[in-house]
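Data file: target18.cif. Format and content: mmCIF, C-alpha atoms and all ligand atoms.
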data_data
loop_
_atom_site.label_atom_id
_atom_site.label_comp_id
_atom_site.auth_asym_id
_atom_site.auth_seq_id
_atom_site.Cartn_x
_atom_site.Cartn_y
_atom_site.Cartn_z
CA MET L 1 0.00 0.00 0.00
CA SER L 2 1.31 3.46 -0.79
CA LEU L 3 1.70 5.83 2.15
CA ILE L 4 3.03 8.86 0.30
CA GLU L 5 2.58 9.87 -3.33
CA VAL L 6 4.67 12.69 -4.73
CA LYS L 7 3.20 13.84 -8.02
CA ASN L 8 5.10 16.06 -10.43
CA LEU L 9 6.64 18.07 -7.61
CA THR L 10 8.61 21.17 -8.57
CA HIS L 11 10.08 23.59 -6.05
CA ILE L 12 11.67 26.90 -6.94
CA TYR L 13 13.35 28.96 -4.22
CA GLY L 14 13.28 32.75 -4.60
CA GLU L 15 11.14 32.64 -7.71
CA GLY L 16 11.41 35.84 -9.73
CA THR L 17 14.49 37.06 -7.83
CA VAL L 18 18.18 36.92 -8.80
CA PHE L 19 18.50 34.03 -6.32
CA GLU L 20 15.96 31.89 -8.17
CA LYS L 21 16.86 28.21 -7.90
CA LYS L 22 14.89 25.20 -9.11
CA ALA L 23 15.63 22.74 -6.30
CA LEU L 24 13.12 20.06 -7.42
CA ASP L 25 12.14 19.41 -11.00
CA SER L 26 9.01 17.30 -11.69
CA VAL L 27 9.71 14.70 -9.01
CA ASN L 28 7.49 11.61 -8.82
CA LEU L 29 7.86 9.15 -5.95
CA THR L 30 5.70 6.53 -4.26
CA VAL L 31 6.59 5.50 -0.74
CA ASN L 32 5.10 2.11 0.11
CA GLU L 33 4.32 0.62 3.48
CA ARG L 34 7.45 -0.99 5.03
CA ASP L 35 9.91 0.55 2.58
CA LEU L 36 13.32 1.30 4.07
CA ILE L 37 14.52 3.85 1.56
CA GLY L 38 18.01 5.27 1.29
CA LEU L 39 17.60 8.68 -0.37
CA ILE L 40 20.99 9.44 -1.84
CA GLY L 41 22.51 12.32 -3.73
CA HIS L 42 25.37 14.77 -3.59
CA THR L 43 25.02 18.03 -1.63
CA GLY L 44 22.56 20.35 -3.31
CA SER L 45 20.76 17.58 -5.24
CA GLY L 46 17.43 18.41 -3.55
CA LYS L 47 17.11 15.75 -0.82
CA SER L 48 16.29 18.13 2.04
CA THR L 49 13.86 20.11 -0.07
CA LEU L 50 12.04 16.91 -1.02
CA ILE L 51 11.70 15.51 2.50
CA GLN L 52 10.50 18.82 3.90
CA HIS L 53 7.61 18.67 1.45
CA LEU L 54 6.64 15.23 2.77
CA ASN L 55 5.55 16.56 6.14
CA GLY L 56 4.21 19.89 5.00
CA LEU L 57 7.13 22.12 6.05
CA ILE L 58 7.59 23.45 2.52
CA LYS L 59 4.84 23.99 -0.02
CA PRO L 60 5.23 22.91 -3.65
CA THR L 61 5.72 25.52 -6.36
CA SER L 62 3.71 23.06 -8.42
CA GLY L 63 2.66 19.45 -8.03
CA GLU L 64 1.07 17.52 -5.22
CA ILE L 65 1.91 15.48 -2.11
CA VAL L 66 -0.63 12.89 -1.02
CA VAL L 67 -0.17 11.39 2.46
CA ALA L 68 -2.35 8.42 3.41
CA GLY L 69 -4.78 9.29 0.62
CA LYS L 70 -5.07 13.00 1.55
CA THR L 71 -3.49 15.80 -0.46
CA ILE L 72 -1.50 18.19 1.72
CA THR L 73 -3.14 21.61 1.49
CA ASP L 74 -3.26 24.65 3.74
CA LYS L 75 -6.48 23.23 5.16
CA VAL L 76 -4.88 20.06 6.53
CA PRO L 77 -3.55 20.87 10.03
CA LEU L 78 0.21 20.31 10.27
CA VAL L 79 -0.24 18.25 13.43
CA ASP L 80 -2.31 15.74 11.43
CA ILE L 81 0.45 15.40 8.83
CA ARG L 82 3.15 15.07 11.50
CA GLN L 83 1.33 12.19 13.12
CA LYS L 84 1.70 10.40 9.79
CA VAL L 85 5.13 11.60 8.70
CA GLY L 86 7.78 12.28 11.34
CA LEU L 87 10.91 14.18 10.34
CA VAL L 88 14.18 14.02 12.26
CA PHE L 89 16.40 16.90 11.15
CA GLN L 90 20.16 16.88 10.82
CA TYR L 91 21.80 17.38 14.22
CA PRO L 92 18.43 16.92 15.98
CA GLU L 93 20.09 17.08 19.40
CA TYR L 94 20.30 20.87 19.00
CA GLN L 95 16.53 20.88 19.37
CA LEU L 96 16.53 19.16 22.76
CA PHE L 97 15.52 21.72 25.33
CA GLU L 98 13.79 20.15 28.35
CA GLU L 99 15.43 19.39 31.68
CA THR L 100 14.94 15.65 31.50
CA VAL L 101 14.89 13.04 28.76
CA GLU L 102 11.34 12.06 29.71
CA ARG L 103 10.00 15.62 29.43
CA ASP L 104 11.72 16.19 26.14
CA ILE L 105 10.24 13.09 24.52
CA ALA L 106 6.83 13.80 26.09
CA PHE L 107 6.60 17.25 24.48
CA GLY L 108 5.03 16.12 21.18
CA PRO L 109 2.51 13.59 22.57
CA GLN L 110 1.42 16.12 25.24
CA ASN L 111 0.48 18.51 22.46
CA LEU L 112 -1.80 15.83 21.02
CA GLY L 113 -3.98 16.16 24.09
CA LEU L 114 -3.24 12.68 25.46
CA ASN L 115 -3.58 12.13 29.20
CA ALA L 116 -0.52 11.73 31.46
CA GLU L 117 -0.67 7.94 31.51
CA GLU L 118 -0.93 7.68 27.71
CA VAL L 119 1.98 10.11 27.31
CA LYS L 120 4.10 8.07 29.71
CA ILE L 121 3.38 4.87 27.77
CA ARG L 122 4.40 6.56 24.52
CA VAL L 123 7.62 7.91 26.05
CA LYS L 124 8.52 4.51 27.44
CA GLU L 125 7.76 2.67 24.21
CA SER L 126 9.68 5.07 22.03
CA MET L 127 12.69 5.05 24.36
CA GLU L 128 12.74 1.29 24.22
CA LEU L 129 12.49 1.35 20.42
CA VAL L 130 15.69 3.42 20.25
CA GLY L 131 17.44 1.28 22.85
CA LEU L 132 17.28 3.63 25.84
CA ASN L 133 16.15 2.05 29.09
CA TYR L 134 13.30 4.12 30.53
CA ASP L 135 14.27 3.87 34.21
CA THR L 136 17.95 4.52 33.55
CA PHE L 137 17.50 7.56 31.35
CA LYS L 138 14.14 9.20 32.15
CA GLU L 139 15.47 11.59 34.82
CA LYS L 140 18.76 12.40 33.11
CA SER L 141 19.38 15.74 31.51
CA PRO L 142 19.68 15.31 27.73
CA PHE L 143 22.84 17.41 27.93
CA GLU L 144 24.76 14.87 30.02
CA LEU L 145 24.39 12.15 27.37
CA SER L 146 26.82 11.04 24.65
CA GLY L 147 26.36 12.30 21.09
CA GLY L 148 24.73 9.04 19.97
CA GLN L 149 22.45 8.94 23.02
CA LYS L 150 21.32 12.54 22.54
CA ARG L 151 20.44 11.76 18.99
CA ARG L 152 18.45 8.70 20.09
CA VAL L 153 16.47 10.91 22.50
CA ALA L 154 15.70 13.27 19.62
CA ILE L 155 14.60 10.36 17.42
CA ALA L 156 12.45 8.98 20.27
CA GLY L 157 10.71 12.37 20.46
CA VAL L 158 9.58 11.98 16.86
CA ILE L 159 8.69 8.28 17.22
CA ALA L 160 6.52 9.15 20.23
CA MET L 161 4.13 10.81 17.77
CA LYS L 162 3.68 7.30 16.26
CA PRO L 163 4.22 8.34 12.65
CA ASP L 164 3.62 5.79 9.88
CA VAL L 165 6.70 7.11 8.08
CA LEU L 166 9.89 8.22 9.80
CA ILE L 167 12.31 10.37 7.81
CA LEU L 168 15.84 10.85 9.09
CA ASP L 169 18.06 13.49 7.48
CA GLU L 170 21.72 12.36 7.62
CA PRO L 171 21.14 10.65 11.00
CA THR L 172 24.82 9.90 11.59
CA ALA L 173 26.28 13.28 10.55
CA GLY L 174 29.04 14.38 12.88
CA LEU L 175 29.07 11.20 14.99
CA ASP L 176 32.20 9.14 15.61
CA PRO L 177 32.25 5.56 14.23
CA ARG L 178 30.81 4.19 17.46
CA GLY L 179 27.92 6.67 17.50
CA ARG L 180 27.34 5.95 13.82
CA ASP L 181 27.10 2.18 14.40
CA GLU L 182 24.86 2.81 17.40
CA ILE L 183 22.40 4.87 15.35
CA PHE L 184 22.34 2.50 12.38
CA GLY L 185 21.86 -0.44 14.77
CA GLU L 186 18.91 1.29 16.40
CA ILE L 187 17.37 2.22 13.04
CA LYS L 188 17.55 -1.46 12.01
CA ASN L 189 15.91 -2.51 15.28
CA LEU L 190 13.26 0.12 14.90
CA TYR L 191 12.46 -1.08 11.40
CA LYS L 192 12.29 -4.67 12.60
CA ASN L 193 10.20 -4.03 15.71
CA GLY L 194 8.35 -0.81 15.02
CA ASN L 195 6.06 -1.67 12.09
CA ILE L 196 7.24 1.54 10.50
CA THR L 197 8.31 2.82 7.09
CA ILE L 198 11.65 4.63 7.04
CA ILE L 199 13.40 7.06 4.71
CA ILE L 200 17.04 7.83 5.44
CA VAL L 201 18.71 10.73 3.68
CA SER L 202 22.38 10.19 3.07
CA HIS L 203 25.20 11.12 0.74
CA SER L 204 26.94 7.79 1.43
CA MET L 205 26.26 4.85 -0.88
CA GLU L 206 28.23 2.65 1.43
CA ASP L 207 26.10 3.40 4.48
CA MET L 208 22.89 2.89 2.55
CA ALA L 209 24.12 -0.39 1.09
CA SER L 210 24.28 -1.68 4.62
CA ILE L 211 20.77 -0.74 5.62
CA ALA L 212 18.27 0.19 2.89
CA ASN L 213 16.05 -2.18 0.89
CA ARG L 214 15.35 0.47 -1.73
CA ILE L 215 17.63 3.21 -2.99
CA VAL L 216 16.40 6.45 -4.53
CA VAL L 217 19.12 8.54 -6.16
CA MET L 218 18.72 12.27 -6.73
CA SER L 219 20.77 14.51 -8.94
CA ASP L 220 20.15 18.13 -9.82
CA GLY L 221 16.60 18.21 -8.45
CA LYS L 222 15.49 15.01 -10.16
CA ILE L 223 15.09 11.37 -9.17
CA VAL L 224 17.47 9.57 -11.51
CA MET L 225 17.34 6.05 -10.08
CA ASP L 226 14.86 4.18 -7.88
CA ASP L 227 15.51 0.49 -7.34
CA LYS L 228 16.77 -2.26 -5.08
CA ALA L 229 20.34 -1.74 -3.89
CA ARG L 230 21.74 -4.55 -6.05
CA GLU L 231 20.24 -3.05 -9.22
CA ILE L 232 21.53 0.43 -8.40
CA PHE L 233 25.06 -0.82 -7.88
CA LYS L 234 25.08 -2.35 -11.36
CA ARG L 235 24.87 1.19 -12.78
CA GLU L 236 28.33 2.25 -11.65
CA ASP L 237 29.12 4.44 -14.65
CA GLU L 238 26.04 6.57 -14.14
CA LEU L 239 26.75 6.85 -10.43
CA VAL L 240 30.27 8.07 -11.15
CA LYS L 241 28.88 10.68 -13.53
CA ILE L 242 26.67 12.16 -10.83
CA GLY L 243 29.55 12.24 -8.37
CA LEU L 244 28.65 9.50 -5.89
CA GLY L 245 31.36 7.56 -4.10
CA VAL L 246 31.40 4.45 -6.23
CA PRO L 247 35.01 3.44 -5.56
CA GLN L 248 33.95 3.04 -1.94
CA ILE L 249 30.93 0.98 -2.94
CA THR L 250 32.90 -1.19 -5.30
CA SER L 251 35.39 -2.02 -2.59
CA PHE L 252 32.54 -2.65 -0.18
CA LEU L 253 30.89 -5.11 -2.58
CA ILE L 254 34.18 -6.84 -3.31
CA GLU L 255 34.68 -7.21 0.42
CA LEU L 256 31.18 -8.65 0.84
CA LYS L 257 31.71 -11.12 -1.99
CA LYS L 258 35.05 -12.19 -0.55
CA ARG L 259 33.31 -13.01 2.68
CA GLY L 260 30.72 -15.02 0.79
CA ALA L 261 27.79 -12.70 1.27
CA ASP L 262 24.77 -13.14 -0.94
CA ILE L 263 24.54 -9.76 -2.60
CA ASN L 264 21.56 -10.85 -4.64
CA THR L 265 19.20 -10.27 -1.78
CA ASN L 266 17.17 -7.07 -1.69
CA CYS L 267 18.99 -5.74 1.27
CA ILE L 268 22.72 -6.10 1.61
CA THR L 269 23.08 -6.09 5.34
CA VAL L 270 26.32 -5.93 7.24
CA GLU L 271 25.28 -9.02 9.18
CA GLU L 272 25.34 -11.03 5.96
CA ALA L 273 29.00 -10.21 5.48
P1 LIG S 301 20.50 18.53 -0.45
O1 LIG S 301 19.64 18.27 0.74
O2 LIG S 301 20.54 17.39 -1.41
O3 LIG S 301 21.89 19.01 -0.08
P2 LIG S 301 18.86 20.90 -0.83
O4 LIG S 301 17.46 20.46 -0.96
O5 LIG S 301 19.30 21.44 0.50
O6 LIG S 301 19.83 19.72 -1.29
O7 LIG S 301 19.17 22.03 -1.92
C1 LIG S 301 18.80 21.91 -3.28
C2 LIG S 301 19.14 23.23 -3.96
O8 LIG S 301 18.32 24.27 -3.45
C3 LIG S 301 20.59 23.70 -3.74
O9 LIG S 301 21.05 24.32 -4.91
C4 LIG S 301 20.47 24.70 -2.61
O10 LIG S 301 21.50 25.66 -2.68
C5 LIG S 301 19.11 25.30 -2.88
N1 LIG S 301 18.44 25.74 -1.63
C6 LIG S 301 18.17 24.97 -0.55
N2 LIG S 301 17.53 25.68 0.40
C7 LIG S 301 17.39 26.93 -0.10
C8 LIG S 301 16.80 28.12 0.40
N3 LIG S 301 16.21 28.17 1.60
N4 LIG S 301 16.85 29.23 -0.39
C9 LIG S 301 17.43 29.19 -1.61
N5 LIG S 301 17.99 28.09 -2.15
C10 LIG S 301 17.98 26.97 -1.41
#
How does this structure look as structure tokens?
Amino acid sequence: MSLIEVKNLTHIYGEGTVFEKKALDSVNLTVNERDLIGLIGHTGSGKSTLIQHLNGLIKPTSGEIVVAGKTITDKVPLVDIRQKVGLVFQYPEYQLFEETVERDIAFGPQNLGLNAEEVKIRVKESMELVGLNYDTFKEKSPFELSGGQKRRVAIAGVIAMKPDVLILDEPTAGLDPRGRDEIFGEIKNLYKNGNITIIIVSHSMEDMASIANRIVVMSDGKIVMDDKAREIFKREDELVKIGLGVPQITSFLIELKKRGADINTNCITVEEA
């Protein structure tokens, strides 16, 4: 079943000014239930502009976004859209502001008008989904946590809204290798246990090879490829042309093959290696 339909979406920043920039050019995309999409492209290819349309933060210059059968218009309250599509920004920990982890994660659900007990259940569930023990972390200040833990709190805050689709913009940006592994591990668990559809924005083919079951490649405001990881990696020459790190990917695949991994599955997971 399709959860999001992007139809002929074009977005022009600063239209009619000297800064005019067409960031998206007739983009069409269907996000299906249980997709785990790696949205890849070099800087400036339009990834952030696209995902911000998916939860109503930016309005199309032309075209349409349909979420769960409803076209996003000015009349649809943003809170309704955000319960369907949750967006975790880059460096989300900068948006943590409450004194305790529990209060920070509770902020969104409280605004939905849920009672205290329902809010607590949501906080607990979402903390567990990102691998943070409720009793250990609930009273801690978000600011005393490690980089990876802070980011997990921020992700839990979005999950607590119980979105059908979770979008993460460069979720491992700026983390050390341990924090990076931690976040990717938690995203895999969340996908497995959360009955959720996930879109991860990344500029790294290698990272997405290890996690996504569908890869969407953007270049210059357009979607230029949309397929299973193994099919995308067959198109090396085109990937090189649009400036993606194929040497890295090639060596990654060679390494996987050496270790006897079956790269003909939909999802090339690190565990298979
Ligand atoms: P990505 O996320 O792939 O790096 P973006 O969606 O951020 O790409 O940007 C796509 C294009 O739109 C780039 O050329 C960028 O400079 C431009 N752009 C992004 N945001 C704005 C903005 N607020 N005003 C003007 N141009 C913008």
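Atom to atom, CA of Asp207 (chain L) and atom O7 of ligand LIG 301 (chain S) stand 20.9 Å apart.
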Around ligand LIG 301 (chain S), at most 8 Å away and counting all atoms listed in the file, which residues are there? Put them as JSON, numbers by chain, please.
{"L": [12, 13, 14, 19, 20, 21, 22, 23, 24, 40, 41, 42, 43, 44, 45, 46, 47, 48, 49, 50, 218, 220, 221]}
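Our summary of the geometry notes that CA of Ile51 (chain L) is positioned 25.5 Å from CA of Glu125 (chain L).
Of note, CA of Lys192 (chain L) and CA of Asp35 (chain L) are spaced 11.5 Å apart.
Shortest atom-to-atom contact with Lys84 (chain L) among L:Glu170, L:Glu182, L:Glu33, L:Glu144: L:Glu33, counting all atoms listed in the file.
For the residues L:Leu114, L:Phe233, L:Gln90, L:Ile159, ranking by smallest atom-to-atom distance to Gly174 (chain L) using all atoms listed in the file places L:Gln90 first.
Close contacts of region 53-58 of chain L, defined as residues with an atom at most 8 Å away when counting all atoms listed in the file, with chain neighbours fewer than 5 positions off set aside, comprise Ile4, Ile65, Val67, Ile72, Leu78, Ile81, Arg82, Val85, Gly86 and Leu87 of chain L.
Of the residues under consideration (L:Ile183, L:Ile155, L:Ile199, L:Ala116), L:Ile199 shows the shortest atom-to-atom contact distance to Leu39 (chain L) when counting all atoms listed in the file.
Proximity to Glu186 (chain L) was assessed for L:Leu132, L:Val119, L:Leu36, L:Ile167 counting all atoms listed in the file; the smallest distance is recorded for L:Leu132.
For Ala106 (chain L), the residues within 9 Å (counting all atoms listed in the file, excluding itself and residues fewer than 5 positions away along the chain) are Val101, Asn111, Val119, Lys120, Arg122, Val123, Gly157 and Ala160 of chain L.
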Looking at all atoms listed in the file, which of L:Phe97, L:Thr136, L:Ser141, L:Lys162 is the one that sits closest to Ile121 (chain L)?
L:Lys162
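Minimum atom-to-atom distance to Phe184 (chain L), evaluated using all atoms listed in the file, belongs to L:Arg151 out of L:Arg151, L:Arg34, L:His203, L:Arg214.
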